[in-house]
$ cat query-v7.txt   # compact mmCIF, C-alpha atoms and all ligand atoms
# COMPACT_ATOMS: atom_id res chain seq x y z
CA MET R 5 81.41 222.41 139.71
CA GLN R 6 81.20 223.68 136.17
CA GLN R 7 78.84 222.71 133.38
CA THR R 8 78.50 224.09 129.86
CA ILE R 9 75.17 224.00 128.08
CA LYS R 10 75.25 224.64 124.33
CA PHE R 11 72.08 226.22 122.97
CA PRO R 12 71.68 226.87 119.22
CA SER R 13 71.96 230.60 119.93
CA GLY R 14 74.88 230.49 122.37
CA LYS R 15 76.53 228.62 125.20
CA VAL R 16 76.07 229.16 128.92
CA GLU R 17 78.60 228.23 131.60
CA TYR R 18 77.09 227.13 134.89
CA PHE R 19 79.26 227.61 137.96
CA PHE R 20 77.57 225.65 140.74
CA GLN R 21 78.72 225.77 144.37
CA SER R 22 80.90 228.65 143.42
CA SER R 23 81.87 232.01 144.80
CA PHE R 24 81.34 235.48 143.34
CA GLU R 25 85.07 236.26 143.47
CA GLU R 26 85.86 233.35 141.14
CA LEU R 27 84.52 235.50 138.32
CA TRP R 28 87.69 237.58 138.31
CA GLU R 29 89.73 234.54 137.28
CA LYS R 30 87.79 234.62 134.02
CA TYR R 31 86.58 238.16 133.46
CA ASP R 32 88.36 241.51 133.51
CA ARG R 33 86.90 243.55 136.39
CA ARG R 34 87.52 246.78 134.48
CA ASN R 35 84.93 245.86 131.82
CA VAL R 36 82.34 244.72 134.30
CA VAL R 37 79.27 246.70 135.35
CA ILE R 38 77.26 245.14 138.18
CA ILE R 39 73.50 245.57 137.92
CA THR R 40 71.75 245.01 141.23
CA ASP R 41 68.92 246.42 143.33
CA ASP R 42 69.13 248.63 146.39
CA ARG R 43 68.30 245.87 148.86
CA VAL R 44 71.01 243.52 147.59
CA MET R 45 73.39 246.50 147.45
CA GLY R 46 72.58 247.32 151.08
CA LEU R 47 73.26 243.75 152.17
CA TYR R 48 76.32 242.97 150.06
CA ALA R 49 78.04 246.32 149.38
CA GLU R 50 81.45 244.89 150.38
CA VAL R 51 81.18 242.22 147.68
CA PHE R 52 80.89 244.94 145.02
CA PHE R 53 83.68 247.12 146.34
CA GLY R 54 85.72 248.72 143.54
CA LEU R 55 83.36 247.64 140.77
CA LYS R 56 81.24 249.85 138.51
CA ILE R 57 77.66 249.44 139.57
CA VAL R 58 74.11 250.41 138.57
CA VAL R 59 71.65 250.14 141.44
CA LEU R 60 67.97 249.70 140.56
CA PRO R 61 65.04 250.32 142.85
CA THR R 62 63.97 246.98 144.36
CA GLY R 63 60.80 245.15 143.36
CA GLU R 64 58.57 244.16 140.46
CA HIS R 65 57.48 247.81 139.98
CA SER R 66 60.89 248.66 138.62
CA LYS R 67 60.67 245.99 135.91
CA ASP R 68 59.63 248.45 133.23
CA ILE R 69 60.97 250.42 130.31
CA ASP R 70 61.59 253.52 132.45
CA THR R 71 64.12 251.54 134.46
CA ILE R 72 65.80 250.40 131.24
CA ASP R 73 65.98 254.03 130.13
CA ARG R 74 67.49 255.19 133.42
CA ALA R 75 69.91 252.26 133.68
CA ALA R 76 71.12 252.79 130.09
CA LYS R 77 71.85 256.44 130.91
CA GLU R 78 73.82 255.25 133.94
CA LEU R 79 75.80 252.89 131.69
CA LEU R 80 76.69 255.81 129.42
CA ARG R 81 77.71 257.87 132.43
CA LEU R 82 79.95 254.97 133.55
CA GLU R 83 81.43 254.97 130.03
CA ALA R 84 80.38 251.38 129.40
CA ASN R 85 81.18 250.53 125.78
CA ARG R 86 80.72 247.47 123.58
CA LYS R 87 83.38 245.60 125.55
CA ALA R 88 81.32 245.93 128.72
CA MET R 89 80.01 242.89 130.53
CA LEU R 90 76.86 243.45 132.58
CA ILE R 91 76.54 241.14 135.56
CA GLY R 92 73.07 240.98 137.12
CA VAL R 93 73.35 240.17 140.81
CA GLY R 94 69.92 239.80 142.35
CA GLY R 95 66.53 238.16 142.05
CA GLY R 96 64.44 237.56 138.95
CA VAL R 97 63.70 241.24 138.50
CA VAL R 98 67.39 242.12 138.33
CA THR R 99 68.27 239.22 136.00
CA ASP R 100 65.38 240.07 133.64
CA ILE R 101 66.35 243.74 133.50
CA THR R 102 70.04 242.92 133.04
CA GLY R 103 69.34 240.50 130.20
CA PHE R 104 67.04 242.96 128.44
CA LEU R 105 69.38 245.92 128.91
CA ALA R 106 72.43 243.95 127.76
CA THR R 107 70.73 242.84 124.55
CA VAL R 108 69.69 246.36 123.54
CA TYR R 109 72.51 248.55 124.94
CA MET R 110 74.74 249.46 121.98
CA ARG R 111 72.94 246.66 120.08
CA GLY R 112 74.16 244.08 122.54
CA VAL R 113 76.89 243.59 125.12
CA ALA R 114 77.96 240.50 127.06
CA PHE R 115 76.12 239.60 130.25
CA GLY R 116 76.04 237.08 133.06
CA PHE R 117 73.90 236.33 136.09
CA VAL R 118 74.52 235.74 139.76
CA PRO R 119 71.04 234.86 141.03
CA THR R 120 70.55 235.71 144.72
CA THR R 121 66.97 234.54 145.33
CA LEU R 122 65.84 230.93 145.34
CA LEU R 123 63.37 231.77 142.56
CA ALA R 124 66.06 233.22 140.32
CA MET R 125 68.45 230.34 141.10
CA ALA R 126 65.91 227.61 140.32
CA ASP R 127 64.12 229.27 137.44
CA ALA R 128 64.34 232.93 136.38
CA ALA R 129 68.07 233.08 135.63
CA ILE R 130 67.88 230.10 133.27
CA GLY R 131 66.57 229.87 129.75
CA GLY R 132 67.44 233.14 128.05
CA LYS R 133 64.12 234.96 128.28
CA ASN R 134 64.53 238.57 129.33
CA GLY R 135 61.55 240.83 129.72
CA VAL R 136 60.00 243.89 131.30
CA ASN R 137 56.35 244.64 131.99
CA LEU R 138 54.08 247.07 130.23
CA GLY R 139 51.57 248.34 132.77
CA LEU R 140 49.86 245.32 134.29
CA ASN R 141 50.93 243.06 131.44
CA LYS R 142 53.89 240.90 132.35
CA ASN R 143 56.98 240.58 130.15
CA ILE R 144 55.43 242.15 127.06
CA LEU R 145 58.71 243.76 125.99
CA GLY R 146 61.58 241.34 125.94
CA THR R 147 64.30 239.47 124.16
CA PHE R 148 65.62 235.93 123.81
CA ALA R 149 69.33 235.88 124.70
CA HIS R 150 71.39 233.66 126.95
CA PRO R 151 73.81 234.96 129.56
CA GLU R 152 77.44 233.86 129.18
CA PHE R 153 77.33 232.37 132.64
CA VAL R 154 75.15 231.72 135.65
CA LEU R 155 77.09 231.59 138.91
CA TYR R 156 75.71 230.11 142.13
CA ASP R 157 77.10 231.49 145.36
CA SER R 158 75.32 230.08 148.40
CA ARG R 159 76.31 233.05 150.61
CA PHE R 160 73.35 235.00 149.22
CA ALA R 161 70.81 232.52 150.60
CA ALA R 162 71.73 233.46 154.17
CA THR R 163 69.81 236.74 154.05
CA LEU R 164 66.71 235.60 152.20
CA PRO R 165 63.51 236.45 154.06
CA ASP R 166 60.89 233.72 154.67
CA SER R 167 58.70 235.12 151.89
CA GLU R 168 61.49 234.63 149.36
CA TRP R 169 61.93 230.99 150.35
CA SER R 170 58.22 230.38 149.70
CA ASN R 171 58.40 232.31 146.46
CA GLY R 172 61.22 230.12 145.17
CA PHE R 173 59.55 226.92 146.28
CA ALA R 174 56.51 227.77 144.17
CA GLU R 175 58.65 227.40 141.02
CA ILE R 176 60.32 224.27 142.41
CA ILE R 177 56.86 222.79 143.05
CA LYS R 178 56.00 223.72 139.45
CA TYR R 179 58.89 221.57 138.15
CA ALA R 180 57.72 218.70 140.35
CA CYS R 181 54.16 218.99 138.99
CA ILE R 182 55.07 219.08 135.31
CA PHE R 183 58.07 216.76 135.11
CA ASP R 184 59.03 215.00 138.27
CA ALA R 185 56.67 212.98 140.47
CA ALA R 186 59.61 211.78 142.62
CA MET R 187 60.49 215.38 143.39
CA PHE R 188 56.85 216.06 144.33
CA GLU R 189 57.12 213.14 146.75
CA GLU R 190 60.40 214.46 148.19
CA LEU R 191 58.96 217.94 148.66
CA SER R 192 55.89 216.48 150.39
CA LYS R 193 58.12 214.79 152.97
CA ASN R 194 60.10 217.94 153.76
CA ASN R 195 59.56 221.64 154.36
CA ILE R 196 61.34 225.00 154.08
CA GLY R 197 63.11 224.54 157.42
CA PHE R 198 64.59 221.23 156.25
CA TYR R 199 66.09 222.75 153.09
CA ARG R 200 67.32 225.85 154.90
CA ASN R 201 69.33 223.63 157.21
CA ASN R 202 70.41 221.06 154.68
CA ALA R 203 72.54 222.72 152.03
CA SER R 204 73.25 219.57 150.06
CA ALA R 205 69.53 218.72 149.75
CA LEU R 206 68.77 222.32 148.75
CA TRP R 207 71.42 222.58 146.04
CA THR R 208 70.58 219.14 144.68
CA LEU R 209 66.99 220.32 144.34
CA VAL R 210 67.98 223.60 142.67
CA GLU R 211 70.30 221.82 140.22
CA ARG R 212 67.52 219.39 139.38
CA CYS R 213 65.25 222.30 138.44
CA VAL R 214 68.05 223.90 136.40
CA ASP R 215 68.46 220.59 134.62
CA TRP R 216 64.76 220.27 133.82
CA LYS R 217 64.66 223.83 132.54
CA ASN R 218 67.76 223.48 130.39
CA LYS R 219 66.53 220.20 128.88
CA THR R 220 63.24 221.84 127.97
CA VAL R 221 64.82 224.99 126.57
CA LEU R 222 67.32 222.90 124.56
CA ALA R 223 64.39 221.14 122.93
CA ASP R 224 62.54 224.38 122.17
CA GLU R 225 64.48 227.59 122.66
CA LYS R 226 61.91 229.98 121.20
CA GLU R 227 58.88 228.49 122.93
CA THR R 228 56.96 227.10 120.02
CA GLY R 229 56.25 223.76 121.70
CA VAL R 230 57.40 221.93 124.83
CA ARG R 231 58.87 225.05 126.44
CA LYS R 232 55.30 226.21 126.96
CA LEU R 233 55.02 223.50 129.65
CA LEU R 234 57.16 225.74 131.87
CA ASN R 235 54.26 228.18 131.93
CA PHE R 236 52.23 225.84 134.13
CA GLY R 237 50.49 228.04 136.69
CA HIS R 238 51.66 231.18 134.90
CA THR R 239 48.70 232.01 132.66
CA ALA R 240 46.16 232.82 135.36
CA GLY R 241 49.19 233.42 137.62
CA HIS R 242 50.47 236.34 135.57
CA ALA R 243 47.00 237.84 135.30
CA ILE R 244 46.47 237.88 139.07
CA GLU R 245 50.08 238.71 140.04
CA ASN R 246 50.08 242.41 139.27
CA LEU R 247 46.30 242.80 139.66
CA TYR R 248 46.54 241.80 143.33
CA GLU R 249 50.17 242.77 143.95
CA LEU R 250 51.10 239.19 144.78
CA ALA R 251 54.64 237.89 144.86
CA HIS R 252 55.38 235.90 141.68
CA GLY R 253 55.51 232.59 143.56
CA GLU R 254 52.23 233.30 145.36
CA ALA R 255 50.52 234.03 142.05
CA VAL R 256 52.01 230.94 140.40
CA GLY R 257 50.83 228.77 143.32
CA ILE R 258 47.24 229.93 142.87
CA GLY R 259 47.66 229.73 139.09
CA MET R 260 48.69 226.07 139.46
CA LEU R 261 45.56 225.36 141.50
CA ILE R 262 43.40 227.02 138.83
CA ALA R 263 45.18 224.95 136.14
CA CYS R 264 44.47 221.80 138.17
CA THR R 265 40.79 222.77 138.45
CA ILE R 266 40.68 222.99 134.64
CA SER R 267 42.71 219.76 134.34
CA GLU R 268 40.09 217.87 136.33
CA GLU R 269 37.56 218.79 133.62
CA VAL R 270 39.71 218.67 130.51
CA SER R 271 42.67 216.30 130.92
CA GLY R 272 41.26 213.78 133.39
CA LEU R 273 43.33 214.84 136.39
CA ASN R 274 42.41 213.00 139.57
CA LYS R 275 40.96 215.44 142.12
CA ASN R 276 43.37 214.04 144.72
CA VAL R 277 46.27 215.63 142.84
CA THR R 278 44.72 219.08 143.25
CA SER R 279 44.28 218.41 146.99
CA GLU R 280 47.88 217.15 147.29
CA LEU R 281 49.13 220.27 145.51
CA GLU R 282 47.06 222.47 147.79
CA LYS R 283 48.55 220.72 150.81
CA LEU R 284 52.06 221.11 149.45
CA LEU R 285 51.58 224.84 148.80
CA ILE R 286 50.36 225.33 152.36
CA GLN R 287 53.35 223.30 153.62
CA TYR R 288 55.66 225.77 151.85
CA HIS R 289 53.72 228.74 153.26
CA LEU R 290 52.11 229.73 149.99
CA PRO R 291 48.55 231.08 149.81
CA VAL R 292 45.82 228.94 148.27
CA HIS R 293 42.85 231.30 148.73
CA LEU R 294 42.26 234.43 146.73
CA ASN R 295 39.04 236.23 145.94
CA ILE R 296 39.49 236.92 142.28
CA ASP R 297 37.55 239.34 140.15
CA VAL R 298 36.79 237.03 137.23
CA GLU R 299 35.97 239.92 134.85
CA LYS R 300 39.23 241.77 135.45
CA THR R 301 41.28 238.57 135.32
CA MET R 302 39.69 237.62 131.99
CA GLU R 303 40.43 241.09 130.64
CA LEU R 304 44.14 240.52 131.30
CA LEU R 305 44.02 236.95 129.97
CA ARG R 306 42.69 238.26 126.65
CA MET R 307 46.02 240.06 126.28
CA ASP R 308 48.09 236.95 127.11
CA LYS R 309 51.01 236.24 124.76
CA LYS R 310 49.86 232.63 124.42
CA ARG R 311 46.44 233.62 123.11
CA SER R 312 45.43 233.10 119.49
CA ASP R 313 41.90 234.08 118.43
CA ASP R 314 39.59 232.68 121.05
CA THR R 315 41.89 230.12 122.61
CA ILE R 316 44.88 230.21 124.92
CA ASP R 317 47.49 227.45 124.97
CA TYR R 318 46.97 226.33 128.53
CA ILE R 319 49.23 223.98 130.44
CA LEU R 320 47.31 221.25 132.19
CA LEU R 321 48.25 218.17 134.18
CA GLU R 322 47.26 214.61 133.35
CA GLN R 323 48.92 213.38 136.52
CA THR R 324 51.70 214.50 138.84
CA GLY R 325 54.84 214.83 136.72
CA LYS R 326 52.97 214.80 133.39
CA ALA R 327 51.88 218.08 131.82
CA VAL R 328 50.19 218.70 128.47
CA ILE R 329 49.49 221.76 126.32
CA ARG R 330 45.88 222.30 125.29
CA PRO R 331 44.38 225.18 123.34
CA LEU R 332 41.46 226.18 125.54
CA PRO R 333 38.54 228.42 124.62
CA LEU R 334 38.43 231.50 126.85
CA THR R 335 34.94 230.41 127.96
CA ILE R 336 36.34 227.25 129.62
CA ILE R 337 38.95 229.33 131.45
CA GLU R 338 36.30 231.76 132.62
CA LYS R 339 34.20 228.86 133.90
CA ALA R 340 37.21 227.46 135.80
CA LEU R 341 37.85 230.84 137.41
CA HIS R 342 34.24 230.86 138.64
CA THR R 343 34.65 227.28 139.92
CA TYR R 344 37.84 228.28 141.77
CA GLU R 345 36.03 231.34 143.16
CA SER R 346 33.05 229.39 144.46
CA TYR R 347 35.28 226.61 145.79
CA ASN R 348 37.15 229.36 147.61
CA ARG R 349 34.01 230.67 149.22
CA THR R 350 33.02 227.23 150.53
CA ARG R 351 36.35 226.67 152.32
P1 LIG S 1 62.31 237.26 142.50
O1 LIG S 1 61.58 236.83 143.73
O2 LIG S 1 61.55 237.09 141.25
O3 LIG S 1 63.66 236.71 142.42
P2 LIG S 1 63.16 240.08 142.99
O4 LIG S 1 64.29 240.26 142.09
O5 LIG S 1 62.20 241.23 143.07
O6 LIG S 1 62.26 238.86 142.60
O7 LIG S 1 63.68 239.77 144.45
C1 LIG S 1 62.77 239.75 145.52
C2 LIG S 1 63.26 240.58 146.68
O8 LIG S 1 64.33 239.91 147.33
C3 LIG S 1 63.78 241.95 146.29
O9 LIG S 1 63.32 242.88 147.24
C4 LIG S 1 65.28 241.80 146.40
O10 LIG S 1 65.90 243.01 146.73
C5 LIG S 1 65.42 240.81 147.52
N1 LIG S 1 66.63 239.99 147.51
C6 LIG S 1 67.28 239.50 146.45
N2 LIG S 1 68.31 238.73 146.82
C7 LIG S 1 68.32 238.74 148.16
C8 LIG S 1 69.15 238.15 149.15
N3 LIG S 1 70.15 237.32 148.82
N4 LIG S 1 68.88 238.39 150.44
C9 LIG S 1 67.83 239.18 150.79
N5 LIG S 1 67.00 239.76 149.93
C10 LIG S 1 67.24 239.55 148.62
ZN ZN S 2 57.71 231.97 137.13

$ encode --input "query-v7.txt" --output "structure tokens" --more "lines below"
Ligand code: ADP
Ligand code: ZN
Amino acid sequence: MQQTIKFPSGKVEYFFQSSFEELWEKYDRRNVVIITDDRVMGLYAEVFFGLKIVVLPTGEHSKDIDTIDRAAKELLRLEANRKAMLIGVGGGVVTDITGFLATVYMRGVAFGFVPTTLLAMADAAIGGKNGVNLGLNKNILGTFAHPEFVLYDSRFAATLPDSEWSNGFAEIIKYACIFDAAMFEELSKNNIGFYRNNASALWTLVERCVDWKNKTVLADEKETGVRKLLNFGHTAGHAIENLYELAHGEAVGIGMLIACTISEEVSGLNKNVTSELEKLLIQYHLPVHLNIDVEKTMELLRMDKKRSDDTIDYILLEQTGKAVIRPLPLTIIEKALHTYESYNRTR
């Protein structure tokens, strides 16, 4: 199934329920350079046979400017020129690096994504934000640019470890919280095992997230308004992710709980919603407890991209499926972190 989404800055073809090999009906293999990581390479080497390839070290640690430097040198060595098309095959780290690299290499070459983790399929590969980290600060260097295509090949899901299923579900739960109460309900009735064994339910869910993300990005490509809603759980989430070496989904799960704690105070969220979210996170094997160092977390939050003067645009819930953006003084956030901390200690 194919779908074209036209953004003001470029169009993206979505190939759902597709297969990697279908790319060669559309693109010339000789111009293609695959960007992947060593784990995906180890698992799927036969898929890449005969193609030019740049293999990155796996993991969030490699999402930095050094990797861009090394990968760009590899591209030169492979004689990639302006006609090159970079295809990122991997999780969110690979798609972010590919997007960034493609927009700066020779002032920009074509690129596409084949997301291979649930997280990248449901979220990271969509929306045209490409970034790398600077020390502990997430996505500080980056670009806005859409891939030419995003191709979904279900074969890659077969090798995903349990932790990657949970990681992806954290973002799916995020979409349910901010936009889609019915999806929250559906997720509450099921679990990871159900979706692993029920391909049609899984892909329907993924496509629903893609749809929510594209609708939001279409309304606000450069994140000046509604797109900020997609950062639900990501403000505190990003601060604790690298500080505690959490997986992105784990950090976002805890970030969503912190945002709900603030929402109870600021946007009138019913406490039951926070409890339901906590239950849902546990159901999808995501952590809900973390002893956070409030000082260190606040230090990172002060460097958040969404901060202006003494407030941060924080995404809160009014109810399940209804999110709002509120500029919050740092003092309120600090108080909520203490509340979350003490709540943690009493459980
Ligand atoms: P994200 O979870 O944001 O998508 P990564 O790109 O770091 O982050 O991917 C997470 C991990 O999963 C990496 O170690 C990566 O090599 C691995 N991985 C990616 N795709 C697959 C796959 N289809 N099967 C098994 N492991 C995978
Ligand atoms: Zn995320």

$ closest_atom_pairs --input "query-v7.txt" --of "segment 110-143 of chain R" --to "segment 167-172 of chain R" --cutoff "9 Å" --atoms "only C-alpha atoms" --output "tab-separated table"
residue	atom	partner	partner_atom	distance
R:Thr121	CA	R:Glu168	CA	6.8
R:Leu122	CA	R:Gly172	CA	4.7
R:Leu123	CA	R:Gly172	CA	3.8
R:Ala124	CA	R:Gly172	CA	7.5
R:Met125	CA	R:Gly172	CA	8.3
R:Ala126	CA	R:Gly172	CA	7.2
R:Asp127	CA	R:Gly172	CA	8.3

$ residues_near_ligand --input "query-v7.txt" --ligand "ligand LIG 1 (chain S)" --cutoff "10 Å" --atoms "only C-alpha atoms and all ligand atoms" --output "MDAnalysis selection string"
chainID R and resid 40:48 60:67 93:101 118:129 157:172 251:253

$ residues_around --input "query-v7.txt" --residues "Lys326 of chain R" --least-positions-apart "5" --cutoff "8 Å" --atoms "all atoms listed in the file" --output "ChimeraX atom specification"
/R:181-184,321

$ closest_residue --input "query-v7.txt" --among "R:Phe20, R:Phe148, R:Tyr179, R:Tyr109" --to "ligand ZN 2 (chain S)" --atoms "all atoms listed in the file"
R:Tyr179

$ axis_aligned_box --input "query-v7.txt" --around "segment 332-343 of chain R" --padding-each-side "3 Å" --output "JSON"
{"center_x": 37.8, "center_y": 229.0, "center_z": 132.3, "size_x": 13.3, "size_y": 11.6, "size_z": 21.3}

$ atom_distance --input "query-v7.txt" --atom1 "atom CA of Glu299 of chain R" --atom2 "atom CA of Ser312 of chain R"
19.3 Å

$ atom_distance --input "query-v7.txt" --atom1 "atom CA of Asp68 of chain R" --atom2 "atom CA of Ile319 of chain R"
26.7 Å

$ closest_residue --input "query-v7.txt" --among "R:Arg212, R:Arg111, R:Lys10, R:Arg33" --to "Ile91 of chain R" --atoms "all atoms listed in the file"
R:Arg33

$ closest_residue --input "query-v7.txt" --among "R:Tyr31, R:Val328, R:Lys217, R:Leu234" --to "Leu273 of chain R" --atoms "only C-alpha atoms"
R:Val328

$ closest_residue --input "query-v7.txt" --among "R:Ala263, R:Leu294, R:Leu334, R:Leu140" --to "Asn246 of chain R" --atoms "all atoms listed in the file"
R:Leu140

$ atom_distance --input "query-v7.txt" --atom1 "atom CA of Lys56 of chain R" --atom2 "atom CA of Val37 of chain R"
4.9 Å

$ closest_residue --input "query-v7.txt" --among "R:Thr278, R:Asn295, R:Asn218, R:Gln7" --to "Glu322 of chain R" --atoms "all atoms listed in the file"
R:Thr278

$ residues_around --input "query-v7.txt" --residues "Leu79 of chain R" --least-positions-apart "5" --cutoff "12 Å" --atoms "only C-alpha atoms" --output "VMD selection string"
chain R and resid 35 to 39 56 to 59 72 to 74 84 to 86 88 to 90 102 105 to 106 109 to 110 113

$ write_last_selection --input "query-v7.txt" --atoms "C-alpha atoms" --output "short mmCIF file (atom, residue, chain, number, x, y, z; two decimals), keeping the file's coordinate frame"
data_model
loop_
_atom_site.label_atom_id
_atom_site.label_comp_id
_atom_site.auth_asym_id
_atom_site.auth_seq_id
_atom_site.Cartn_x
_atom_site.Cartn_y
_atom_site.Cartn_z
CA ASN R 35 84.93 245.86 131.82
CA VAL R 36 82.34 244.72 134.30
CA VAL R 37 79.27 246.70 135.35
CA ILE R 38 77.26 245.14 138.18
CA ILE R 39 73.50 245.57 137.92
CA LYS R 56 81.24 249.85 138.51
CA ILE R 57 77.66 249.44 139.57
CA VAL R 58 74.11 250.41 138.57
CA VAL R 59 71.65 250.14 141.44
CA ILE R 72 65.80 250.40 131.24
CA ASP R 73 65.98 254.03 130.13
CA ARG R 74 67.49 255.19 133.42
CA ALA R 84 80.38 251.38 129.40
CA ASN R 85 81.18 250.53 125.78
CA ARG R 86 80.72 247.47 123.58
CA ALA R 88 81.32 245.93 128.72
CA MET R 89 80.01 242.89 130.53
CA LEU R 90 76.86 243.45 132.58
CA THR R 102 70.04 242.92 133.04
CA LEU R 105 69.38 245.92 128.91
CA ALA R 106 72.43 243.95 127.76
CA TYR R 109 72.51 248.55 124.94
CA MET R 110 74.74 249.46 121.98
CA VAL R 113 76.89 243.59 125.12
#
